[in-house]
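S.K.: Can you keep this structure in mind? I'll have questions shortly.
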Amino acid sequence: MSGNAGRDTIVAPATAPGRSAIAVVRIDGPDAISIVEALAGRELETRRATHTSLRDGNEAIDDAVVVVYRAPSSYTGNDLVEVSLHGSSYLVGKLIDVVRRSGARIAEPGEFTERAVLNGKLDLVQAESVADLVDARAAMQSRLSLRNLSGELSRASESMRATLLDLVSRFEAALDFADEGYEFVGRAEARSLLESLLGEVRETAATWSRGHAIQAGLTAVILGLPNAGKSTLLNFLCGTERAIVTPVAGTTRDLLRETVDLGGVPVTFVDTAGLRASGDAIEEIGVGRAREVARTADLVLYLIDSSQGVTDEDRAELGQLRDPIVVFTKSDLAEGGEGAISVLAGRGTKELLARLDAEVNERYAMAEESPTVVNQRQRGAFDACAEALEGALAALRSEASEEFVAADLRRAASALGALTGAISSDDIYREIFGRFCIGK
Amino acid sequence: MPLLDSFDVVVIGGGHAGAEAARVAARGGARVALVTMIRDAIGRMSCNPAIGGLAKGHLVKEIDALGGLMGEATDAAGIQFKVLNRSKGPAVQGPRAQCDRDLYAAAVQRILAAEPNLTIIETTVSRIAYEGNRVSAVILGDGARIDTTAVIVTTGTFLRALMHSGEAKVVGGRFGEPSSDGLSDSLRAAGLSLGRLKTGTPPRVLASSVDYSRLDLAPGDAVPRPFSILTDTIALPQVSCWTTYTGAEAHDVIRRNLDRAPMFSGQIKATGPRYCPSIEDKVVRFADKERHLVFVEPEGLEHPWLYLNGVSTSLPADVQDAVVRSMPGFERASIARYGYAVEYDFVNPQQLTPSLEARSVEGLFLAGQINGTSGYEEAAAQGLLAGINALQLVRGREPVILPRDLAYAGVMIDDLVTLGTEEPYRMFTSRAEYRLLLGCDSVYERLTSMADALGIVDEERLRRVTSRLQRTAAAREAIEGAELRPDRETLAWLLPLGVSIAGPTTVAGLLARPELDADALFRHCGTTGQLAHLAEIRGRLADEELEGVVNRARYSGYIEKQEREARNLRDDDSLKIPPGFHFERPGLSTEVIEKLKRVQPASLGQAARIPGMTPAAVAVLRINLRYELRSASGAGRGA
Ligand SMILES: Cc1cc2nc3c(=O)[nH]c(=O)nc-3n(C[C@H](O)[C@H](O)[C@H](O)COP(=O)(O)OP(=O)(O)OC[C@H]3O[C@@H](n4cnc5c(N)ncnc54)[C@H](O)[C@@H]3O)c2cc1C
């Protein structure tokens, strides 16, 4: 059941994007509870923080803490669910995506508050201060999108808008000025224009997942000869006793993974078996896996025990690696040179973190500069645009008359409008009258 | 000032807007006076005697469904009918008719004369009198006064009108008719600010001076289709039009004389319409186009003139002569009246409410070209709505505002009052976001019952509409109920139609296939016992009605999609902004507040359509409105 304001279910992140320990996603409306229960695969108790894993089909989303509020006892007065995830914008995006696919839509700015007001949960004085916030947030959002639109994405969106405006106006001209003796738009030409536009829109929409895949999926592999201090470093990085650390070489036989936030980017460190030829079959498998991971990893840390110095084996291994970050360890036992660390003595570790941070930034700063769709709203706009363009293409293929193609093109234009500025009918006429000599 | 008489509604100007306004208000029971300068000029067409076309034809059909007169008058005067865009889908096909200009004006005058509550007064209104912020009377040229509750100003291009032909300037709103100057001051006194626009008209040529063998024929439809549901058949003989073109010679002459064109010499400063460029405009802006098409259209069955559609101009007479005589077929042509441009005062309609009433003064309505539109149909549709709303005011009832997804007339008026006009506004189908819902074949379904509830539909029209809707509903039901299964017998029966079915369907499902000829299917139904009733039902439908039924079946997917989208729009449109609402709200920028105050939107939907409104601003406004609505309705808190 739900309060009377809000017939549909809406979803949005409730915490600001960026680095934070947890991120909260809010879902409000009649289907809020059933959607989350489906993801949790279980019933959820009201007003109780429930720890549960959320899955999208077979794929795990995250271990989350979920609180269910039932109408009318919630912030909005509707059924409302708050999901706390690990603080990663990738996870937030993924959850919102799944919830959206389950029938919810992305909330408009201020919509939760509006619902609260309409259900009598907030009075207008409170809401007016929220309204200020909404405006501020919208301003921030547009600044954010401006920044994001300043480079490649801006150019890409401009060209998409131009193509769309061109197409829309030619189809409109073909309808409204049919007796002017012009062929405004050839079907074959329109098809190829539309196909390439659709490609562009899809590609841009895909940058969202690419951008986030980078953020979520950076892997850093820790390599080194046995007992170079790999597990110690991992434990330090994640601050827990995840790997069993013993002085016995070869303790880590399989891969251990831990995700750490570096420079705002989640980096999964993979501890590996020490690289050596041993007679132990299981250890051999572990070494094989370590080498395999090293091939696909985004970052490779190669650890060298300062007390042993650089050995021939190290040289052989290093020769096979791409851009390794070499770290001398155990500087408490021997002088390791610049950048050497000792986890035990707590020496050089801060510097190492800064260095890793810088490496991540330097190598993956690209993710911010290239045309990347930064938020769900933008992503939703591109997706809706692509869907409408597919409709237009289908109408063209089925030889439907121009007004059906135009109906979909206009939907595409209004979807994109949120990002690139709306295409108004005056834009359309300016384009038509600027290009063609029509009118009697 | 001597009191002459008193009326409920006074309409100033007997153009296309004024005629509809006066007629509908009178029909609804108000006592109406139509005051116009020249009685014989009522219903006169200033420009080409053609009615309809794309979007404009839609407006005429809507006017007919709402009980207006333009469709009837066109049917009575039409000498060439043509449905434009036949090759496109149903929603964007628009009927057009070339009319006999004298017969058209006569038909309008006949229809008005038959209206018992309507008095026509031939004189000039020199000003409007107000009492407080209400209209109280109009003052005539001779000083006499007519008291009234509502005034509808439909003075077209006549306010402070100036005609230009080359270097010559003549005061006047239309060839041979005077300008009207006093009313501009009355409008200003009502707090309205005025702007300037211009429009032009091409030269008319003596029909007897043209060599028709050198023209291309442009015939109309073989079977003319009437505009009005009241018309069974078109009675007048039908004629053909022609086309010719301007070529290099004409363009050279124009280029050499550009400095003598008022638009280029700076003599005219007002804005003209982009969609109706003068020939000098076309030659300058599209310099590499070698030919410009010209439609040659008769002004009437016996009228001695031809209208040259495509060479609107205000160049001097000698240049017009040279241009016209360079066109194939016009080598020896003589011009009967030279083309000219006219500049006039208009009122930016952002100053009006969606019922076309001035926001500053109760009872002052404006309709037609005075609102910055162009064209007879646009004027007539506004006139009809202004007439309806003046009637509502007199009766003390709620104003009538047509939603954008219900009628082109609704789209137009919403555009006018929300966006304003910077150049003369013309209706295009692309102005309607839900164009697929606004086809000519569904006007009676959409509009007549509403008009009937207002008491403005005559009995005969209502009888015809009702029976039409019954016939088409029955047909729709019959085709949806006629089931077909892919058994051997049915497949064999379908064979001659060249179609097959893979699963169970209905006749409606078959009709949805674009490749199938609907008429052939219905005829074929007559060959089998179970479906014979369909052939019979088809027999009862007029062609236009059949098209409506088939289109609905064929395009239901698209139609339903647009209906869904339109519902969202309706939600926002039904959230009314109460008069006197304060727009200074926390969270709204000064820029947005300024815009809102200028337009004074009547609903959230209208507010959202003001250029420059941000989604956040709409959200803030929505919260405030809904909240106040709740408080006002006493719903209280804690739902
Ligand atoms: C030269 C010219 C060229 C045009 N060209 C085009 C074109 O190319 N395309 C197009 O679509 N449209 C064109 N039009 C526009 C079209 O003619 C008008 O849009 C339409 O007629 C407007 O209708 P209306 O009812 O608003 O005004 P009108 O038809 O102009 O009627 C106004 C009436 O008001 C009367 N009147 C004015 N002042 C007073 C007063 N003070 N007291 C009493 N009566 C008064 C006048 O006598 C007149 O009868 C043109 C108009 C003109 C004048």
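Identifiers in this document derive from the order of the structure tokens: chains are assigned A, B, ..., residues are numbered from 1 separately in each chain, and ligands are numbered from 1 in order of occurrence.
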Per DSSP on the backbone, filter region 2-226 of chain B down to the residues in alpha helix (DSSP H) and report them as a PyMOL selection string.

M.R.: chain B and resi 16-27+56-65+70-77+101-113+182-189

S.K.: Ala173 (chain A): which residues within 9 Å, counting only C-alpha atoms, same-chain residues fewer than 4 positions away excluded, as number ranges by chain?

M.R.: A: 168-169, 177-178, 184-185, 428-429, 432; B: 430

S.K.: Which is closest to chain A among B:Leu258, B:Ala474, B:Ile234, B:Ala55, if we use only C-alpha atoms?

M.R.: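 Of all the options, B:Ala55 lies closest to chain A.
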
S.K.: Please provide the set of residues having any atom within 7 Å of Asp62 (chain A), restricted to only C-alpha atoms, with same-chain residues fewer than 5 positions apart removed, written as a list of chain:residue names.

M.R.: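 Near Asp62 (chain A), the qualifying residues are A:Ser53, A:Leu54, A:Leu85.
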
S.K.: Please, what distance in Å, to one decimal, runs between CA of His86 (chain A) and CA of Ala49 (chain A)?

M.R.: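 Value for the CA of His86 (chain A)-CA of Ala49 (chain A) distance: 15.0 Å.
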
S.K.: Using only C-alpha atoms, pick whichever of A:Gln378, A:Ser231, A:Thr296, A:Asn119 has the shortest atom-to-atom distance to Leu218 (chain A).

M.R.: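 The shortest atom-to-atom distance to Leu218 (chain A) comes from A:Thr296.
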
S.K.: Run DSSP on the backbone and grab whatever in region 267-423 of chain A lands in strand (DSSP E); send it over as number ranges by chain.

M.R.: A: 267-271, 299-305, 325-329

S.K.: Please, could you write that set of residues out with N, CA, C and O atoms as a PDB file, in the first residue's frame?

M.R.:
ATOM      1  N   VAL A 267      40.110  -0.314  -6.034  1.00  0.00           N
ATOM      2  CA  VAL A 267      41.139  -1.143  -6.651  1.00  0.00           C
ATOM      3  C   VAL A 267      41.167  -2.491  -5.934  1.00  0.00           C
ATOM      4  O   VAL A 267      41.249  -2.542  -4.708  1.00  0.00           O
ATOM      5  N   THR A 268      41.056  -3.529  -6.713  1.00  0.00           N
ATOM      6  CA  THR A 268      41.103  -4.858  -6.119  1.00  0.00           C
ATOM      7  C   THR A 268      42.534  -5.375  -6.187  1.00  0.00           C
ATOM      8  O   THR A 268      43.091  -5.545  -7.282  1.00  0.00           O
ATOM      9  N   PHE A 269      43.116  -5.547  -5.009  1.00  0.00           N
ATOM     10  CA  PHE A 269      44.476  -6.086  -4.958  1.00  0.00           C
ATOM     11  C   PHE A 269      44.417  -7.598  -4.915  1.00  0.00           C
ATOM     12  O   PHE A 269      43.599  -8.175  -4.207  1.00  0.00           O
ATOM     13  N   VAL A 270      45.269  -8.208  -5.685  1.00  0.00           N
ATOM     14  CA  VAL A 270      45.299  -9.661  -5.729  1.00  0.00           C
ATOM     15  C   VAL A 270      46.663 -10.122  -5.234  1.00  0.00           C
ATOM     16  O   VAL A 270      47.694  -9.777  -5.822  1.00  0.00           O
ATOM     17  N   ASP A 271      46.610 -10.826  -4.161  1.00  0.00           N
ATOM     18  CA  ASP A 271      47.845 -11.403  -3.629  1.00  0.00           C
ATOM     19  C   ASP A 271      48.052 -12.731  -4.335  1.00  0.00           C
ATOM     20  O   ASP A 271      47.102 -13.442  -4.640  1.00  0.00           O
ATOM     21  N   LEU A 299      47.218  -2.909 -12.878  1.00  0.00           N
ATOM     22  CA  LEU A 299      48.442  -2.466 -12.218  1.00  0.00           C
ATOM     23  C   LEU A 299      49.197  -3.700 -11.746  1.00  0.00           C
ATOM     24  O   LEU A 299      48.593  -4.653 -11.282  1.00  0.00           O
ATOM     25  N   VAL A 300      50.510  -3.643 -11.864  1.00  0.00           N
ATOM     26  CA  VAL A 300      51.324  -4.748 -11.365  1.00  0.00           C
ATOM     27  C   VAL A 300      52.316  -4.200 -10.337  1.00  0.00           C
ATOM     28  O   VAL A 300      53.109  -3.318 -10.643  1.00  0.00           O
ATOM     29  N   LEU A 301      52.216  -4.702  -9.114  1.00  0.00           N
ATOM     30  CA  LEU A 301      53.203  -4.347  -8.090  1.00  0.00           C
ATOM     31  C   LEU A 301      54.194  -5.501  -8.001  1.00  0.00           C
ATOM     32  O   LEU A 301      53.797  -6.654  -7.829  1.00  0.00           O
ATOM     33  N   TYR A 302      55.447  -5.182  -8.164  1.00  0.00           N
ATOM     34  CA  TYR A 302      56.453  -6.234  -8.032  1.00  0.00           C
ATOM     35  C   TYR A 302      57.274  -5.961  -6.792  1.00  0.00           C
ATOM     36  O   TYR A 302      57.930  -4.921  -6.671  1.00  0.00           O
ATOM     37  N   LEU A 303      57.215  -6.908  -5.851  1.00  0.00           N
ATOM     38  CA  LEU A 303      57.871  -6.711  -4.564  1.00  0.00           C
ATOM     39  C   LEU A 303      59.238  -7.402  -4.525  1.00  0.00           C
ATOM     40  O   LEU A 303      59.378  -8.533  -5.006  1.00  0.00           O
ATOM     41  N   ILE A 304      60.201  -6.692  -4.018  1.00  0.00           N
ATOM     42  CA  ILE A 304      61.545  -7.257  -3.867  1.00  0.00           C
ATOM     43  C   ILE A 304      61.995  -7.078  -2.419  1.00  0.00           C
ATOM     44  O   ILE A 304      61.927  -5.974  -1.871  1.00  0.00           O
ATOM     45  N   ASP A 305      62.411  -8.184  -1.840  1.00  0.00           N
ATOM     46  CA  ASP A 305      62.878  -8.179  -0.447  1.00  0.00           C
ATOM     47  C   ASP A 305      64.220  -7.448  -0.388  1.00  0.00           C
ATOM     48  O   ASP A 305      65.201  -7.895  -0.975  1.00  0.00           O
ATOM     49  N   ILE A 325      55.257  -1.707 -11.073  1.00  0.00           N
ATOM     50  CA  ILE A 325      55.637  -0.759 -10.027  1.00  0.00           C
ATOM     51  C   ILE A 325      56.486  -1.555  -9.044  1.00  0.00           C
ATOM     52  O   ILE A 325      55.983  -2.458  -8.383  1.00  0.00           O
ATOM     53  N   VAL A 326      57.751  -1.226  -9.009  1.00  0.00           N
ATOM     54  CA  VAL A 326      58.658  -2.021  -8.171  1.00  0.00           C
ATOM     55  C   VAL A 326      58.689  -1.443  -6.758  1.00  0.00           C
ATOM     56  O   VAL A 326      58.840  -0.238  -6.577  1.00  0.00           O
ATOM     57  N   VAL A 327      58.507  -2.317  -5.776  1.00  0.00           N
ATOM     58  CA  VAL A 327      58.491  -1.876  -4.381  1.00  0.00           C
ATOM     59  C   VAL A 327      59.482  -2.725  -3.583  1.00  0.00           C
ATOM     60  O   VAL A 327      59.392  -3.953  -3.604  1.00  0.00           O
ATOM     61  N   PHE A 328      60.438  -2.061  -2.972  1.00  0.00           N
ATOM     62  CA  PHE A 328      61.349  -2.786  -2.083  1.00  0.00           C
ATOM     63  C   PHE A 328      60.727  -2.890  -0.711  1.00  0.00           C
ATOM     64  O   PHE A 328      60.236  -1.884  -0.174  1.00  0.00           O
ATOM     65  N   THR A 329      60.733  -4.094  -0.159  1.00  0.00           N
ATOM     66  CA  THR A 329      60.076  -4.314   1.125  1.00  0.00           C
ATOM     67  C   THR A 329      61.090  -4.580   2.228  1.00  0.00           C
ATOM     68  O   THR A 329      62.295  -4.672   1.972  1.00  0.00           O
TER      69      THR A 329
END

S.K.: Taking into account only C-alpha atoms, which residue in the set B:Glu177, B:Asp64, B:Asp185, B:Glu433 is nearest to chain A?

M.R.: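 Of B:Glu177, B:Asp64, B:Asp185, B:Glu433, the one nearest chain A, counting only C-alpha atoms, is B:Glu433.
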
S.K.: So, with only C-alpha atoms and all ligand atoms as the atoms that count, which of B:Pro354, B:Pro49, B:Gly173, B:Gly503 lies closest to ligand 1?

M.R.: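 Between B:Pro354, B:Pro49, B:Gly173, B:Gly503, the residue approaching ligand 1 most closely is B:Gly173.
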
S.K.: So that I can check the surroundings of Val549 (chain B), please list as a ChimeraX atom specification every protein, DNA and RNA residue that reaches within 9 Å of it, counting only C-alpha atoms and ignoring chain neighbours fewer than 3 positions away.

M.R.: /B:441,472-473,475-476,544-546,552-554

S.K.: Smallest atom-to-atom distance to Asp176 (chain A): which of B:Leu521, B:Met37, B:Ala91, B:Ile79, using only C-alpha atoms?

M.R.: B:Ala91

S.K.: Just checking: using only C-alpha atoms, which residue out of B:Lys282, B:Lys576, B:Arg325, B:Lys289 ends up closest to Val311 (chain B)?

M.R.: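 For Val311 (chain B), the nearest of the candidates is B:Lys282.
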
S.K.: By how many Å are CA of Arg359 (chain B) and CA of Leu447 (chain B) apart?

M.R.: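 A separation of 26.6 Å between them.
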
S.K.: Could you list, as a PyMOL selection string, every residue within 10 Å of Glu563 (chain B), counting only C-alpha atoms and ignoring same-chain residues fewer than 3 positions away?

M.R.: chain B and resi 405+434+436-437+557-560+566-569

S.K.: Using CA of Leu625 (chain B) and CA of Val417 (chain B) as the two end points, give the distance in Å to one decimal.

M.R.: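 Spanning CA of Leu625 (chain B) to CA of Val417 (chain B) is a straight-line distance of 20.7 Å.
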
S.K.: Residues at most 7 Å from region 23-25 of chain A, counting only C-alpha atoms, excluding those fewer than 5 positions away in the same chain, as a list in words?

M.R.: Ala12, Pro13, Ala14, Thr15, Glu82, Val83, Ser84, Leu85, His86 and Gly87 of chain A

S.K.: Can those selected residues be exported to a file as a PDB file, in the first residue's frame so that it contains N, CA, C and O atoms?

M.R.:
ATOM      1  N   ALA A  12      16.418   6.719  -6.521  1.00  0.00           N
ATOM      2  CA  ALA A  12      17.524   7.665  -6.685  1.00  0.00           C
ATOM      3  C   ALA A  12      18.529   7.440  -5.569  1.00  0.00           C
ATOM      4  O   ALA A  12      18.184   6.941  -4.501  1.00  0.00           O
ATOM      5  N   PRO A  13      19.785   7.797  -5.832  1.00  0.00           N
ATOM      6  CA  PRO A  13      20.754   7.733  -4.745  1.00  0.00           C
ATOM      7  C   PRO A  13      20.440   8.830  -3.729  1.00  0.00           C
ATOM      8  O   PRO A  13      20.026   9.919  -4.105  1.00  0.00           O
ATOM      9  N   ALA A  14      20.603   8.516  -2.451  1.00  0.00           N
ATOM     10  CA  ALA A  14      20.298   9.507  -1.420  1.00  0.00           C
ATOM     11  C   ALA A  14      21.564  10.122  -0.861  1.00  0.00           C
ATOM     12  O   ALA A  14      21.509  11.084  -0.121  1.00  0.00           O
ATOM     13  N   THR A  15      22.707   9.551  -1.222  1.00  0.00           N
ATOM     14  CA  THR A  15      23.961  10.152  -0.769  1.00  0.00           C
ATOM     15  C   THR A  15      24.701  10.697  -1.977  1.00  0.00           C
ATOM     16  O   THR A  15      24.490  10.245  -3.092  1.00  0.00           O
ATOM     17  N   GLU A  82      15.198   1.814   1.991  1.00  0.00           N
ATOM     18  CA  GLU A  82      16.534   2.396   1.900  1.00  0.00           C
ATOM     19  C   GLU A  82      17.545   1.271   1.873  1.00  0.00           C
ATOM     20  O   GLU A  82      17.546   0.401   2.736  1.00  0.00           O
ATOM     21  N   VAL A  83      18.374   1.287   0.873  1.00  0.00           N
ATOM     22  CA  VAL A  83      19.388   0.258   0.715  1.00  0.00           C
ATOM     23  C   VAL A  83      20.757   0.898   0.888  1.00  0.00           C
ATOM     24  O   VAL A  83      21.089   1.846   0.175  1.00  0.00           O
ATOM     25  N   SER A  84      21.527   0.393   1.867  1.00  0.00           N
ATOM     26  CA  SER A  84      22.893   0.900   2.039  1.00  0.00           C
ATOM     27  C   SER A  84      23.863  -0.085   1.414  1.00  0.00           C
ATOM     28  O   SER A  84      23.856  -1.272   1.744  1.00  0.00           O
ATOM     29  N   LEU A  85      24.657   0.421   0.485  1.00  0.00           N
ATOM     30  CA  LEU A  85      25.639  -0.415  -0.205  1.00  0.00           C
ATOM     31  C   LEU A  85      27.030   0.030   0.211  1.00  0.00           C
ATOM     32  O   LEU A  85      27.195   1.073   0.824  1.00  0.00           O
ATOM     33  N   HIS A  86      28.024  -0.741  -0.222  1.00  0.00           N
ATOM     34  CA  HIS A  86      29.387  -0.252  -0.074  1.00  0.00           C
ATOM     35  C   HIS A  86      29.527   0.983  -0.937  1.00  0.00           C
ATOM     36  O   HIS A  86      28.913   1.074  -1.996  1.00  0.00           O
ATOM     37  N   GLY A  87      30.329   1.940  -0.455  1.00  0.00           N
ATOM     38  CA  GLY A  87      30.374   3.239  -1.126  1.00  0.00           C
ATOM     39  C   GLY A  87      31.066   3.220  -2.467  1.00  0.00           C
ATOM     40  O   GLY A  87      32.181   3.684  -2.608  1.00  0.00           O
TER      41      GLY A  87
END

S.K.: Excluding Met263 (chain B) and residues on its chain fewer than 3 positions from it, collect all residues at most 10 Å away from it, counting only C-alpha atoms, and give them as a PyMOL selection string.

M.R.: chain B and resi 164+166+198+258-260+266-272+278+280-281+313-315+341
